[in-house]
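Student: Got a structure for you, protein34.csv, holding CSV, C-alpha atoms.
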```csv
chain,number,residue,atom,x,y,z
A,28,MET,CA,68.1,-43.0,-125.9
A,29,ARG,CA,70.7,-41.2,-128.0
A,30,ILE,CA,69.6,-38.2,-130.0
A,31,SER,CA,71.4,-37.1,-133.1
A,32,LEU,CA,70.7,-33.9,-135.0
A,33,ARG,CA,72.1,-33.4,-138.5
A,34,HIS,CA,72.1,-29.9,-140.1
A,35,LEU,CA,68.8,-28.8,-138.8
A,36,HIS,CA,67.2,-25.7,-140.3
A,37,ARG,CA,64.0,-24.0,-139.4
A,38,ALA,CA,62.8,-20.5,-140.6
A,39,TYR,CA,59.7,-18.4,-140.0
A,40,GLY,CA,59.7,-16.1,-143.0
A,41,SER,CA,62.9,-14.2,-143.0
A,42,LEU,CA,63.7,-15.3,-139.4
A,43,HIS,CA,66.2,-18.2,-139.3
A,44,ALA,CA,65.3,-19.6,-135.8
A,45,VAL,CA,67.5,-22.7,-136.2
A,46,HIS,CA,70.5,-22.6,-138.6
A,47,ASP,CA,72.5,-25.7,-139.5
A,48,ILE,CA,72.5,-27.2,-136.0
A,49,SER,CA,74.2,-30.6,-135.6
A,50,LEU,CA,74.4,-32.2,-132.1
A,51,ASN,CA,74.9,-35.6,-130.6
A,52,ILE,CA,73.1,-35.9,-127.3
A,53,PRO,CA,74.3,-39.0,-125.3
A,54,SER,CA,71.8,-41.5,-123.8
A,55,ASN,CA,71.2,-41.7,-120.1
A,56,THR,CA,72.4,-38.3,-119.2
A,57,VAL,CA,71.3,-34.7,-118.5
A,58,TYR,CA,72.0,-32.5,-121.5
A,59,GLY,CA,71.6,-28.7,-121.3
A,60,ILE,CA,70.7,-26.3,-124.2
A,61,ILE,CA,71.2,-22.7,-123.1
A,62,GLY,CA,70.7,-19.4,-124.9
A,63,LYS,CA,69.4,-16.0,-124.4
A,64,SER,CA,66.0,-14.8,-125.5
A,65,GLY,CA,65.7,-15.3,-129.3
A,66,ALA,CA,68.7,-17.6,-129.5
A,67,GLY,CA,66.5,-20.4,-131.0
A,68,LYS,CA,66.4,-22.8,-128.1
A,69,SER,CA,62.6,-23.1,-127.9
A,70,THR,CA,62.3,-23.7,-131.6
A,71,LEU,CA,65.1,-26.4,-131.3
A,72,VAL,CA,63.3,-28.2,-128.6
A,73,ARG,CA,60.0,-28.2,-130.6
A,74,LEU,CA,61.9,-29.8,-133.5
A,75,VAL,CA,63.8,-32.4,-131.4
A,76,SER,CA,60.6,-33.3,-129.5
A,77,LEU,CA,58.7,-33.8,-132.8
A,78,LEU,CA,56.2,-31.0,-132.2
A,79,GLU,CA,57.4,-29.3,-135.5
A,80,TYR,CA,59.1,-30.5,-138.6
A,81,PRO,CA,62.5,-29.0,-139.7
A,82,ASP,CA,62.7,-27.3,-143.1
A,83,SER,CA,65.7,-29.4,-143.7
A,84,GLY,CA,68.0,-31.7,-141.8
A,85,GLU,CA,67.5,-35.0,-140.0
A,86,ILE,CA,66.7,-36.1,-136.4
A,87,TYR,CA,67.6,-39.6,-135.1
A,88,TYR,CA,66.5,-41.4,-131.9
A,89,ASP,CA,69.3,-44.0,-131.6
A,90,ASP,CA,69.7,-45.1,-135.2
A,91,LYS,CA,66.0,-44.5,-136.2
A,92,ARG,CA,65.2,-41.4,-138.2
A,93,VAL,CA,62.1,-39.8,-136.7
A,94,ASP,CA,61.6,-36.4,-138.4
A,95,ASN,CA,59.9,-38.1,-141.4
A,96,LEU,CA,57.7,-40.7,-139.7
A,97,PRO,CA,54.2,-41.4,-141.0
A,98,LYS,CA,51.4,-39.9,-138.9
A,99,ASP,CA,50.6,-43.1,-136.9
A,100,GLU,CA,54.2,-43.8,-136.2
A,101,LEU,CA,54.8,-40.2,-135.2
A,102,ILE,CA,52.0,-40.3,-132.7
A,103,SER,CA,53.4,-43.6,-131.2
A,104,GLN,CA,56.9,-42.1,-131.0
A,105,ARG,CA,55.6,-38.9,-129.3
A,106,ARG,CA,54.1,-41.1,-126.5
A,107,ARG,CA,57.6,-42.2,-125.7
A,108,ILE,CA,58.5,-38.5,-125.0
A,109,GLY,CA,57.8,-36.6,-121.8
A,110,MET,CA,57.7,-32.8,-121.6
A,111,ILE,CA,57.5,-30.3,-118.8
A,112,PHE,CA,57.1,-26.5,-119.2
A,113,GLN,CA,57.7,-23.3,-117.4
A,114,ASN,CA,54.0,-22.6,-116.7
A,115,PHE,CA,53.2,-26.3,-115.8
A,116,ASN,CA,50.3,-26.6,-118.4
A,117,LEU,CA,48.1,-28.4,-115.9
A,118,PHE,CA,44.3,-28.7,-116.1
A,119,SER,CA,42.7,-26.5,-113.5
A,120,SER,CA,39.5,-28.6,-113.8
A,121,ARG,CA,41.4,-31.7,-112.6
A,122,ASN,CA,43.0,-32.5,-109.3
A,123,ALA,CA,46.7,-33.6,-109.1
A,124,ALA,CA,45.9,-37.3,-109.6
A,125,GLU,CA,43.6,-36.7,-112.6
A,126,ASN,CA,46.2,-34.5,-114.3
A,127,ILE,CA,48.8,-37.3,-114.0
A,128,ALA,CA,46.2,-39.8,-115.3
A,129,TYR,CA,45.4,-37.8,-118.4
A,130,PRO,CA,48.1,-39.2,-120.8
A,131,LEU,CA,47.3,-42.7,-119.6
A,132,GLU,CA,43.6,-42.2,-120.3
A,133,ILE,CA,44.2,-41.0,-123.9
A,134,SER,CA,46.6,-44.0,-124.4
A,135,GLY,CA,43.8,-46.4,-123.6
A,136,VAL,CA,45.4,-47.8,-120.4
A,137,PRO,CA,42.8,-49.8,-118.2
A,138,LYS,CA,41.4,-47.9,-115.3
A,139,ASP,CA,42.9,-50.2,-112.6
A,140,ARG,CA,46.3,-49.8,-114.1
A,141,ILE,CA,45.9,-46.0,-114.3
A,142,GLN,CA,45.1,-45.9,-110.5
A,143,SER,CA,48.2,-47.9,-109.5
A,144,ARG,CA,50.5,-46.0,-111.9
A,145,VAL,CA,49.2,-42.6,-110.6
A,146,GLN,CA,49.8,-43.6,-107.0
A,147,GLU,CA,53.3,-44.9,-107.9
A,148,LEU,CA,54.1,-41.5,-109.6
A,149,LEU,CA,52.8,-39.4,-106.7
A,150,ASP,CA,55.1,-41.3,-104.4
A,151,LEU,CA,58.0,-41.0,-106.8
A,152,VAL,CA,57.8,-37.1,-107.0
A,153,GLY,CA,57.2,-36.7,-103.3
A,154,LEU,CA,53.4,-35.9,-103.4
A,155,SER,CA,52.1,-38.9,-101.5
A,156,GLY,CA,48.6,-38.2,-100.1
A,157,ARG,CA,48.1,-35.1,-102.4
A,158,GLY,CA,46.4,-36.8,-105.3
A,159,ASN,CA,43.0,-35.3,-104.5
A,160,ALA,CA,44.4,-31.8,-104.1
A,161,PRO,CA,42.9,-29.2,-106.5
A,162,ILE,CA,45.7,-27.6,-108.7
A,163,SER,CA,44.8,-24.1,-107.3
A,164,THR,CA,45.9,-25.2,-103.8
A,165,LEU,CA,49.4,-26.4,-104.8
A,166,SER,CA,52.5,-24.3,-104.6
A,167,GLY,CA,54.6,-23.7,-107.7
A,168,GLY,CA,57.0,-26.5,-106.8
A,169,GLN,CA,54.2,-28.9,-106.2
A,170,LYS,CA,52.6,-28.0,-109.5
A,171,GLN,CA,55.9,-28.8,-111.3
A,172,ARG,CA,56.1,-32.1,-109.4
A,173,VAL,CA,52.6,-33.0,-110.8
A,174,ALA,CA,53.8,-31.9,-114.2
A,175,ILE,CA,56.9,-34.2,-113.9
A,176,ALA,CA,54.8,-37.1,-112.8
A,177,ARG,CA,52.4,-36.6,-115.7
A,178,ALA,CA,55.4,-36.4,-118.1
A,179,LEU,CA,56.6,-39.8,-116.8
A,180,ALA,CA,53.3,-41.5,-116.9
A,181,ASN,CA,53.8,-43.5,-120.1
A,182,HIS,CA,57.4,-44.6,-119.3
A,183,PRO,CA,59.2,-42.2,-121.7
A,184,ASP,CA,62.7,-42.7,-123.0
A,185,ILE,CA,63.3,-39.0,-123.2
A,186,LEU,CA,62.3,-36.1,-120.9
A,187,PHE,CA,62.4,-32.5,-122.3
A,188,CYS,CA,62.4,-29.7,-119.8
A,189,ASP,CA,61.6,-26.4,-121.4
A,190,GLU,CA,62.5,-23.6,-118.9
A,191,ALA,CA,61.1,-25.9,-116.3
A,192,THR,CA,62.4,-24.0,-113.3
A,193,SER,CA,62.2,-20.4,-114.6
A,194,ALA,CA,59.0,-19.6,-112.7
A,195,LEU,CA,60.3,-21.0,-109.4
A,196,ASP,CA,62.2,-19.4,-106.5
A,197,PRO,CA,65.9,-20.4,-106.0
A,198,GLN,CA,65.2,-22.9,-103.2
A,199,THR,CA,62.4,-24.6,-105.1
A,200,THR,CA,64.5,-24.7,-108.2
A,201,ARG,CA,67.2,-26.6,-106.4
A,202,SER,CA,64.7,-29.1,-105.1
A,203,ILE,CA,63.2,-29.7,-108.6
A,204,LEU,CA,66.7,-30.1,-110.1
A,205,THR,CA,67.6,-32.6,-107.4
A,206,LEU,CA,64.4,-34.5,-108.1
A,207,LEU,CA,65.1,-34.6,-111.9
A,208,GLY,CA,68.6,-35.8,-111.3
A,209,ASP,CA,67.4,-38.6,-109.0
A,210,LEU,CA,64.7,-39.6,-111.5
A,211,GLN,CA,67.1,-39.6,-114.4
A,212,GLN,CA,69.5,-42.0,-112.6
A,213,ARG,CA,66.7,-44.2,-111.3
A,214,MET,CA,64.9,-44.5,-114.7
A,215,ASN,CA,67.9,-44.3,-117.0
A,216,LEU,CA,66.3,-41.3,-118.8
A,217,SER,CA,67.8,-39.0,-121.4
A,218,VAL,CA,66.9,-35.6,-120.1
A,219,VAL,CA,67.3,-32.5,-122.2
A,220,MET,CA,67.0,-29.2,-120.3
A,221,ILE,CA,66.3,-26.0,-122.2
A,222,THR,CA,67.2,-22.9,-120.1
A,223,HIS,CA,68.5,-19.4,-120.1
A,224,GLN,CA,70.1,-19.9,-116.6
A,225,MET,CA,73.7,-21.0,-116.4
A,226,GLU,CA,73.1,-21.9,-112.8
A,227,VAL,CA,70.7,-24.7,-113.9
A,228,VAL,CA,73.3,-26.0,-116.4
A,229,ARG,CA,76.0,-25.9,-113.6
A,230,ASP,CA,73.9,-27.7,-111.0
A,231,ALA,CA,72.0,-30.3,-113.2
A,232,CYS,CA,73.7,-31.0,-116.5
A,233,VAL,CA,76.6,-33.1,-117.7
A,234,HIS,CA,76.9,-31.7,-121.2
A,235,VAL,CA,75.8,-28.4,-122.7
A,236,ALA,CA,75.3,-26.7,-126.0
A,237,VAL,CA,75.3,-22.9,-126.1
A,238,LEU,CA,73.1,-21.2,-128.7
A,239,GLU,CA,73.3,-17.8,-130.3
A,240,ASN,CA,71.3,-16.5,-133.2
A,241,GLY,CA,70.0,-20.0,-134.1
A,242,SER,CA,73.4,-21.7,-134.2
A,243,VAL,CA,75.6,-23.6,-131.7
A,244,VAL,CA,78.5,-21.5,-130.7
A,245,GLU,CA,79.9,-23.9,-128.1
A,246,GLU,CA,79.3,-27.5,-127.0
A,247,GLY,CA,81.0,-29.9,-124.6
A,248,LYS,CA,81.1,-31.2,-121.0
A,249,VAL,CA,79.8,-28.6,-118.6
A,250,VAL,CA,83.0,-28.7,-116.5
A,251,ASP,CA,85.1,-28.1,-119.6
A,252,VAL,CA,82.9,-25.2,-120.7
A,253,PHE,CA,83.1,-23.6,-117.3
A,254,ALA,CA,86.8,-24.0,-117.0
A,255,ARG,CA,87.7,-22.9,-120.6
A,256,PRO,CA,84.8,-21.0,-122.2
A,257,ALA,CA,85.4,-20.3,-125.9
A,258,SER,CA,82.6,-18.1,-127.0
A,259,ALA,CA,81.7,-14.5,-126.0
A,260,THR,CA,78.1,-15.7,-125.2
A,261,THR,CA,79.4,-18.4,-122.8
A,262,LYS,CA,81.7,-15.9,-121.0
A,263,ASP,CA,78.8,-13.5,-120.6
A,264,PHE,CA,76.7,-16.2,-119.0
A,265,LEU,CA,79.5,-17.1,-116.6
A,266,ALA,CA,80.1,-13.5,-115.7
A,267,ASN,CA,76.5,-13.2,-114.5
A,268,LEU,CA,76.0,-16.4,-112.5
A,269,ALA,CA,73.7,-16.1,-109.5
A,270,PRO,CA,73.3,-18.6,-106.6
A,271,LEU,CA,70.4,-20.9,-106.6
A,272,ALA,CA,70.3,-21.1,-102.8
A,273,GLU,CA,70.8,-18.7,-99.8
A,274,PRO,CA,74.5,-18.5,-98.7
A,275,ALA,CA,73.7,-20.3,-95.5
A,276,GLN,CA,72.2,-23.3,-97.4
A,277,SER,CA,75.0,-23.5,-100.1
A,278,LYS,CA,78.3,-25.3,-99.6
A,279,ARG,CA,79.5,-23.6,-102.8
A,280,LEU,CA,81.2,-20.1,-102.9
A,281,ASP,CA,79.5,-18.4,-105.9
A,282,MET,CA,81.1,-15.4,-107.7
A,283,VAL,CA,81.4,-12.4,-105.4
A,284,ARG,CA,82.3,-9.0,-106.8
A,285,TRP,CA,83.4,-6.3,-104.4
A,286,SER,CA,84.6,-3.7,-106.9
A,287,ASP,CA,82.9,-2.6,-110.1
A,288,GLU,CA,86.0,-0.9,-111.3
A,289,GLY,CA,88.9,-2.5,-113.3
A,290,GLY,CA,89.2,-6.2,-113.9
A,291,ARG,CA,91.2,-6.3,-117.1
A,292,TYR,CA,92.1,-10.0,-116.7
A,293,THR,CA,89.9,-13.1,-116.0
A,294,LEU,CA,91.7,-16.1,-114.6
A,295,ARG,CA,90.1,-19.5,-114.7
A,296,PHE,CA,91.4,-22.3,-112.4
A,297,ARG,CA,90.4,-26.0,-112.4
A,298,GLY,CA,90.7,-28.9,-110.0
A,299,GLU,CA,93.6,-28.7,-107.4
A,300,SER,CA,94.8,-25.4,-108.8
A,301,THR,CA,91.8,-23.7,-107.2
A,302,GLY,CA,93.4,-24.2,-103.8
A,303,GLU,CA,97.0,-23.5,-104.7
A,304,PRO,CA,98.7,-20.2,-103.9
A,305,VAL,CA,99.5,-19.6,-107.5
A,306,LEU,CA,99.2,-15.8,-107.4
A,307,SER,CA,101.3,-15.5,-104.3
A,308,ARG,CA,104.1,-17.5,-105.9
A,309,ILE,CA,104.1,-15.4,-109.1
A,310,GLN,CA,103.9,-12.1,-107.2
A,311,LYS,CA,107.0,-13.1,-105.2
A,312,LYS,CA,108.9,-14.1,-108.3
A,313,TYR,CA,108.0,-11.1,-110.5
A,314,ASP,CA,107.6,-7.4,-109.8
A,315,VAL,CA,103.8,-7.3,-110.1
A,316,GLU,CA,100.8,-6.9,-107.9
A,317,PHE,CA,97.4,-8.6,-108.3
A,318,ASN,CA,94.4,-6.4,-107.6
A,319,ILE,CA,91.5,-8.8,-107.3
A,320,ARG,CA,88.1,-7.4,-108.1
A,321,ALA,CA,85.9,-10.5,-108.0
A,322,GLY,CA,86.2,-14.2,-107.4
A,323,GLY,CA,84.5,-17.5,-106.6
A,324,VAL,CA,84.6,-21.2,-106.9
A,325,GLN,CA,81.9,-23.2,-108.6
A,326,HIS,CA,81.3,-26.9,-108.0
A,327,VAL,CA,80.7,-28.4,-111.5
A,328,SER,CA,80.1,-32.1,-112.2
A,329,GLY,CA,82.1,-33.0,-109.1
A,330,GLU,CA,85.0,-30.7,-109.8
A,331,GLU,CA,86.0,-27.3,-108.5
A,332,VAL,CA,86.3,-24.5,-111.1
A,333,GLY,CA,87.5,-21.1,-109.8
A,334,THR,CA,87.4,-17.7,-111.4
A,335,LEU,CA,89.2,-14.5,-110.5
A,336,ILE,CA,88.7,-11.1,-112.1
A,337,CYS,CA,91.7,-8.9,-111.5
A,338,ASP,CA,94.2,-6.2,-112.6
A,339,ILE,CA,97.9,-7.0,-112.8
A,340,ILE,CA,100.0,-4.0,-111.9
A,341,GLY,CA,103.6,-3.6,-113.0
A,342,GLU,CA,106.0,-2.8,-115.8
A,343,PRO,CA,104.8,-4.3,-119.1
A,344,ASP,CA,107.6,-6.8,-119.3
A,345,GLU,CA,107.0,-8.0,-115.8
A,346,VAL,CA,103.3,-8.3,-116.5
A,347,GLU,CA,104.0,-10.4,-119.6
A,348,LYS,CA,106.3,-12.7,-117.5
A,349,ALA,CA,103.5,-13.1,-114.9
A,350,LEU,CA,100.9,-13.9,-117.6
A,351,THR,CA,103.2,-16.6,-119.1
A,352,ALA,CA,103.8,-18.0,-115.6
A,353,LEU,CA,100.0,-18.2,-115.0
A,354,GLN,CA,99.5,-20.1,-118.3
A,355,LEU,CA,102.4,-22.5,-117.5
A,356,SER,CA,100.6,-23.2,-114.2
A,357,GLY,CA,97.6,-24.3,-116.1
A,358,ILE,CA,95.6,-21.2,-115.6
A,359,LEU,CA,93.4,-19.9,-118.4
A,360,VAL,CA,94.0,-16.2,-118.9
A,361,GLU,CA,91.5,-13.9,-120.7
A,362,GLU,CA,92.3,-10.3,-121.3
A,363,GLU,CA,89.3,-8.0,-121.8
A,364,GLY,CA,87.3,-10.8,-123.2
A,365,LEU,CA,90.1,-12.2,-125.3
A,366,GLN,CA,92.0,-15.3,-124.4
A,367,ALA,CA,95.7,-14.4,-123.7
```
Write the structure described by the file as structure tokens, please.
Tutor:
Amino acid sequence: MRISLRHLHRAYGSLHAVHDISLNIPSNTVYGIIGKSGAGKSTLVRLVSLLEYPDSGEIYYDDKRVDNLPKDELISQRRRIGMIFQNFNLFSSRNAAENIAYPLEISGVPKDRIQSRVQELLDLVGLSGRGNAPISTLSGGQKQRVAIARALANHPDILFCDEATSALDPQTTRSILTLLGDLQQRMNLSVVMITHQMEVVRDACVHVAVLENGSVVEEGKVVDVFARPASATTKDFLANLAPLAEPAQSKRLDMVRWSDEGGRYTLRFRGESTGEPVLSRIQKKYDVEFNIRAGGVQHVSGEEVGTLICDIIGEPDEVEKALTALQLSGILVEEEGLQA
């Protein structure tokens, strides 16, 4: 299901939590919404998931406006939405199967159909044979799998994930992201992930919107945002990426910094250029030296995106020639946070 947001506003007194946000979220994909604490992402997801009304603006699911539905239609539409949360929000008084059954029960589904659907969902999320397990006996990853199964119980068109992996360790986070990706493809879901972790965006999302102070400061395909970040907020996220797996378990070389000093220039490579000896060629041609302070290659949406943080040493005119050569080679050059 496609989601369209048109000039959304939401304020709490003098706090403008969401300010003039317009987005088009494609159907059948994983879309990330990322922002730091207080950026407005949680308010935005409450609006888009119909848990709150905007002060102004419009929300469309496909071509149907949904922010102004009558109460009965609104309840019916909400049942086509699944949500999972950071703290799982499971009933401690119910076991795993009973938690999954709850949305089916309140929807009036017959008992025999509930039992078969719950078993199907337990199998789907990798919890076969754990239906009778008390919630207190489950690990964090298992609790989130129960929450995912519960969110999928009523065959939703859209799945909202609000900081769904923030309470999990890196290895469990990767397993949950893999599960969500598999479910999205298998069920043709539209998945919207709200997060403050750029690692989650990198490893799970196809498109991303970056929020700051209630507004969208950057939006696009994840690989494009990684290769050519435009906003200071995005660059800050990229500068502080952390691996979601132990090095021995990861085929990806994440950013490694071996010197906290210097680093006037950030160079961003994409695709085949990540493996080309671009710096070596330029250093041979011009009277400059590259002092590399940090570097790494990210695997983003099937494409390699490389980053180097360095100083370029030489006479000013030779440095300028080297910078021009880098840009002509398709390398994005940023100088002290500003694109050169």
Student: Which polymer residues have any atom within 12 Å of an atom of Ile102 of chain A, counting all atoms listed in the file, with same-chain residues fewer than 4 positions away left out, as a PyMOL selection string?
Tutor: chain A and resi 76-78+93-98+106-108+133-134
Student: Put those residues in a file: C-alpha atoms, as a PDB file, in the frame of the given file.
Tutor:
```
ATOM      1  CA  SER A  76      60.600 -33.300-129.500  1.00  0.00           C
ATOM      2  CA  LEU A  77      58.700 -33.800-132.800  1.00  0.00           C
ATOM      3  CA  LEU A  78      56.200 -31.000-132.200  1.00  0.00           C
ATOM      4  CA  VAL A  93      62.100 -39.800-136.700  1.00  0.00           C
ATOM      5  CA  ASP A  94      61.600 -36.400-138.400  1.00  0.00           C
ATOM      6  CA  ASN A  95      59.900 -38.100-141.400  1.00  0.00           C
ATOM      7  CA  LEU A  96      57.700 -40.700-139.700  1.00  0.00           C
ATOM      8  CA  PRO A  97      54.200 -41.400-141.000  1.00  0.00           C
ATOM      9  CA  LYS A  98      51.400 -39.900-138.900  1.00  0.00           C
ATOM     10  CA  ARG A 106      54.100 -41.100-126.500  1.00  0.00           C
ATOM     11  CA  ARG A 107      57.600 -42.200-125.700  1.00  0.00           C
ATOM     12  CA  ILE A 108      58.500 -38.500-125.000  1.00  0.00           C
ATOM     13  CA  ILE A 133      44.200 -41.000-123.900  1.00  0.00           C
ATOM     14  CA  SER A 134      46.600 -44.000-124.400  1.00  0.00           C
TER      15      SER A 134
END
```
Student: Kindly provide, as a count of residues only, the polymer residues lying within 8 Å of (55.4, -36.3, -108.2), counting all atoms listed in the file and using the coordinates exactly as they appear in the file.
Tutor: 14
Student: I want to know what sits within 7 Å of segment 63-72 of chain A, based on only C-alpha atoms, with residues of the same chain fewer than 6 positions away left out; could you give that as a PDB file with C-alpha atoms, keeping the file's coordinate frame?
Tutor:
```pdb
ATOM      1  CA  ALA A  44      65.300 -19.600-135.800  1.00  0.00           C
ATOM      2  CA  VAL A  45      67.500 -22.700-136.200  1.00  0.00           C
ATOM      3  CA  ILE A 221      66.300 -26.000-122.200  1.00  0.00           C
ATOM      4  CA  HIS A 223      68.500 -19.400-120.100  1.00  0.00           C
ATOM      5  CA  LEU A 238      73.100 -21.200-128.700  1.00  0.00           C
ATOM      6  CA  GLU A 239      73.300 -17.800-130.300  1.00  0.00           C
ATOM      7  CA  ASN A 240      71.300 -16.500-133.200  1.00  0.00           C
ATOM      8  CA  GLY A 241      70.000 -20.000-134.100  1.00  0.00           C
TER       9      GLY A 241
END
```
Student: Could you check how far atom CA of Glu246 of chain A sits from atom CA of Gln224 of chain A, in Å to one decimal?
Tutor: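 Atom CA of Gln224 of chain A lies 15.8 Å from atom CA of Glu246 of chain A.
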Student: At a cut-off of 9 Å, using only C-alpha atoms, what residues contact Asn51 of chain A? Leave out same-chain residues fewer than 4 positions from it and give the result as a ChimeraX atom specification.
Tutor: /A:29-33
Student: So that I have them on file, write out the residues from the current selection with C-alpha atoms, as a PDB file, in the frame of the given file.
Tutor:
```pdb
ATOM      1  CA  ARG A  29      70.700 -41.200-128.000  1.00  0.00           C
ATOM      2  CA  ILE A  30      69.600 -38.200-130.000  1.00  0.00           C
ATOM      3  CA  SER A  31      71.400 -37.100-133.100  1.00  0.00           C
ATOM      4  CA  LEU A  32      70.700 -33.900-135.000  1.00  0.00           C
ATOM      5  CA  ARG A  33      72.100 -33.400-138.500  1.00  0.00           C
TER       6      ARG A  33
END
```
Student: Report, in Å to a single decimal, how far apart atom CA of Gly59 of chain A and atom CA of Val235 of chain A are.
Tutor: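 We find that atom CA of Val235 of chain A and atom CA of Gly59 of chain A lie 4.4 Å from each other.
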Student: Report as a ChimeraX atom specification all protein, DNA and RNA residues lying within 9 Å of Asp230 of chain A, evaluated on all atoms listed in the file, omitting residues in the same chain fewer than 4 positions from it.
Tutor: /A:201,204-205,225-226,271,326-328
Student: Grab the atom CA of Trp285 of chain A to atom CA of Val315 of chain A distance for me, in Å with one decimal place.
Tutor: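 Between atom CA of Trp285 of chain A and atom CA of Val315 of chain A the gap works out to 21.2 Å.
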Student: For segment 255-265 of chain A, find every residue with an atom within 7 Å (counting all atoms listed in the file), except residues of its own chain fewer than 3 positions away, and show them as a PyMOL selection string.
Tutor: chain A and resi 225+237+244-245+251-252+268+359
Student: For C-alpha atoms, I'd like the residues from the last selection saved as a PDB file, in the coordinates of the input.
Tutor:
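Resulting contents of part31.pdb:
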```
ATOM      1  CA  MET A 225      73.700 -21.000-116.400  1.00  0.00           C
ATOM      2  CA  VAL A 237      75.300 -22.900-126.100  1.00  0.00           C
ATOM      3  CA  VAL A 244      78.500 -21.500-130.700  1.00  0.00           C
ATOM      4  CA  GLU A 245      79.900 -23.900-128.100  1.00  0.00           C
ATOM      5  CA  ASP A 251      85.100 -28.100-119.600  1.00  0.00           C
ATOM      6  CA  VAL A 252      82.900 -25.200-120.700  1.00  0.00           C
ATOM      7  CA  LEU A 268      76.000 -16.400-112.500  1.00  0.00           C
ATOM      8  CA  LEU A 359      93.400 -19.900-118.400  1.00  0.00           C
TER       9      LEU A 359
END
```
Student: Kindly indicate which residue among A:Thr56, A:Ser103, A:Ser166, A:Asn318 lies nearest to Leu216 of chain A, using all atoms listed in the file for the distances.
Tutor: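 Comparing A:Thr56, A:Ser103, A:Ser166, A:Asn318 against Leu216 of chain A, the winner is A:Thr56.
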Student: So which one's closest to Phe317 of chain A, A:Tyr292, A:Tyr80, A:Phe253, A:Tyr88? Using all atoms listed in the file, please.
Tutor: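 Once distances to Phe317 of chain A are computed over all atoms listed in the file, the minimum belongs to A:Tyr292.
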Student: Could you please give me, as a ChimeraX atom specification, the residues of protein, DNA or RNA lying at most 12 Å from (101.1, -21.4, -116.5) in the coordinate frame of the file, considering all atoms listed in the file?
Tutor: /A:294-296,300,305-306,308-309,347-360,367
Student: Kindly save the residues from that selection, with C-alpha atoms included, as a CSV table (one decimal), in the coordinates of the input.
Tutor:
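So selection37.csv came out as:
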```csv
chain,number,residue,atom,x,y,z
A,294,LEU,CA,91.7,-16.1,-114.6
A,295,ARG,CA,90.1,-19.5,-114.7
A,296,PHE,CA,91.4,-22.3,-112.4
A,300,SER,CA,94.8,-25.4,-108.8
A,305,VAL,CA,99.5,-19.6,-107.5
A,306,LEU,CA,99.2,-15.8,-107.4
A,308,ARG,CA,104.1,-17.5,-105.9
A,309,ILE,CA,104.1,-15.4,-109.1
A,347,GLU,CA,104.0,-10.4,-119.6
A,348,LYS,CA,106.3,-12.7,-117.5
A,349,ALA,CA,103.5,-13.1,-114.9
A,350,LEU,CA,100.9,-13.9,-117.6
A,351,THR,CA,103.2,-16.6,-119.1
A,352,ALA,CA,103.8,-18.0,-115.6
A,353,LEU,CA,100.0,-18.2,-115.0
A,354,GLN,CA,99.5,-20.1,-118.3
A,355,LEU,CA,102.4,-22.5,-117.5
A,356,SER,CA,100.6,-23.2,-114.2
A,357,GLY,CA,97.6,-24.3,-116.1
A,358,ILE,CA,95.6,-21.2,-115.6
A,359,LEU,CA,93.4,-19.9,-118.4
A,360,VAL,CA,94.0,-16.2,-118.9
A,367,ALA,CA,95.7,-14.4,-123.7
```
Student: Which residue, A:Ala180, A:Val332, A:Ile61, A:Ile86, has the smallest gap to Val228 of chain A when you use all atoms listed in the file?
Tutor: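 Of A:Ala180, A:Val332, A:Ile61, A:Ile86, the one nearest Val228 of chain A is A:Ile61, counting all atoms listed in the file.
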